[in-house]
Amino acid sequence: MIETRLLPTDELLRSVVSKVTEIRVRENEMMQEIAELERRGAASELGYKDLAQVLRHAVRWDLTTAKKWVTTAARLSGAITPTGSELQPELPVTAEAVAEGALSIEHVAVVAKAMETLPAEAEAPLVDYARDHEPNEVRKFGEDLLYRLYQNDPEPGDTEPAPPGNEHIMRWKNGRLEIRAKLDKVTGAKYEALIDPLAKP
């Protein structure tokens, strides 16, 4: 094994990046196993309340960490239906990127949070951005994406403007009756039918 202190800086950095990618790939494999334990009902089989409690005991994670892994595993794994067919993961594009070692579980949490308010087609650009940025930047990008998608929508408290109603004004001026009207098609036709006979000599 080469002494790390003898390696050039760029080579040492490449080695770190490579190892982080390997770790993420292994983490994804572990999440697939966690998802399978969940599918099998391992918690009930082993006498626990839920799988997070199993992992807390077996791996000595704190409960918050265990729950995070169980939740992330569920998001990245397809469910098995009663007929035996497999459903797509909740976050399919994210799952592919995680399997490649491109994203951490922190990235997954941020993407999942953003996708609660974004349409399904927003996952791909969000994941593309996540491949090159840290989780906090991905969160901001998700918020910006949400704003750009819905900036022209009415605010929740806004009411739609009422359609213009019919207008009909009559007034006497200098001994003559002035009539002005703005009517919709149906009302206008009825009005015209009433006025026409009166307008004839």
# chains A, B, ... in the order shown; residues from 1 in each chain; ligands from 1
$ select_by_dssp --residues "segment 3-176 of chain A" --states "strand (DSSP E or B)" --output "list in words"
Ile80, Glu86, Glu167, His168, Ile169, Met170, Arg171, Trp172, Lys173 and Arg176 of chain A
$ closest_residue --among "A:Glu22, A:Glu106, A:Asp144, A:Glu96" --to "Thr72 of chain A" --atoms "only C-alpha atoms"
A:Glu106
$ closest_residue --among "A:Leu13, A:Val70, A:Gln32, A:Gly142" --to "Asp50 of chain A" --atoms "only C-alpha atoms"
A:Val70
$ residues_around --residues "Val54 of chain A" --least-positions-apart "3" --cutoff "10 Å" --atoms "only C-alpha atoms" --output "PDB file with C-alpha atoms, in the first residue's frame"
ATOM      1  CA  LEU A  37     -36.285  -6.855   5.655  1.00  0.00           C
ATOM      2  CA  ALA A  42     -38.721  -8.846   9.929  1.00  0.00           C
ATOM      3  CA  ALA A  43     -39.687  -6.632  12.873  1.00  0.00           C
ATOM      4  CA  SER A  44     -42.740  -8.743  13.688  1.00  0.00           C
ATOM      5  CA  LEU A  46     -38.081 -10.861  15.518  1.00  0.00           C
ATOM      6  CA  GLY A  47     -40.497  -9.463  18.124  1.00  0.00           C
ATOM      7  CA  TYR A  48     -39.959  -5.729  17.567  1.00  0.00           C
ATOM      8  CA  LYS A  49     -42.381  -2.850  17.097  1.00  0.00           C
ATOM      9  CA  ASP A  50     -40.854  -1.790  13.758  1.00  0.00           C
ATOM     10  CA  LEU A  51     -37.722  -2.212  11.658  1.00  0.00           C
ATOM     11  CA  HIS A  57     -30.520  -2.894  18.466  1.00  0.00           C
ATOM     12  CA  ALA A  58     -28.592  -4.793  15.770  1.00  0.00           C
ATOM     13  CA  VAL A  59     -26.434  -1.956  14.407  1.00  0.00           C
ATOM     14  CA  ARG A  60     -26.451   0.262  17.536  1.00  0.00           C
ATOM     15  CA  TRP A  61     -27.774   3.270  15.642  1.00  0.00           C
ATOM     16  CA  LEU A  63     -33.464   5.718  16.685  1.00  0.00           C
ATOM     17  CA  ALA A  66     -32.381   4.057  12.086  1.00  0.00           C
TER      18      ALA A  66
END
$ closest_residue --among "A:Gly78, A:Pro125, A:Pro119, A:Gly188" --to "Met31 of chain A" --atoms "only C-alpha atoms"
A:Gly78
$ closest_residue --among "A:Pro135, A:Glu178, A:Asp184, A:Glu116" --to "Leu103 of chain A" --atoms "only C-alpha atoms"
A:Pro135
$ closest_residue --among "A:Ile34, A:Leu183, A:Ile23, A:Met115" --to "Asn166 of chain A" --atoms "only C-alpha atoms"
A:Leu183
$ closest_residue --among "A:Glu137, A:Glu27, A:Glu36, A:Glu192" --to "Ile105 of chain A" --atoms "only C-alpha atoms"
A:Glu27
$ atom_distance --atom1 "atom CA of Thr64 of chain A" --atom2 "atom CA of Asn136 of chain A"
19.8 Å
$ atom_distance --atom1 "atom CA of Ser104 of chain A" --atom2 "atom CA of Glu29 of chain A"
12.7 Å
$ residues_around --residues "Leu146 of chain A" --least-positions-apart "3" --cutoff "10 Å" --atoms "only C-alpha atoms" --output "PyMOL selection string"
chain A and resi 114-115+117-119+122+140-143+149-151
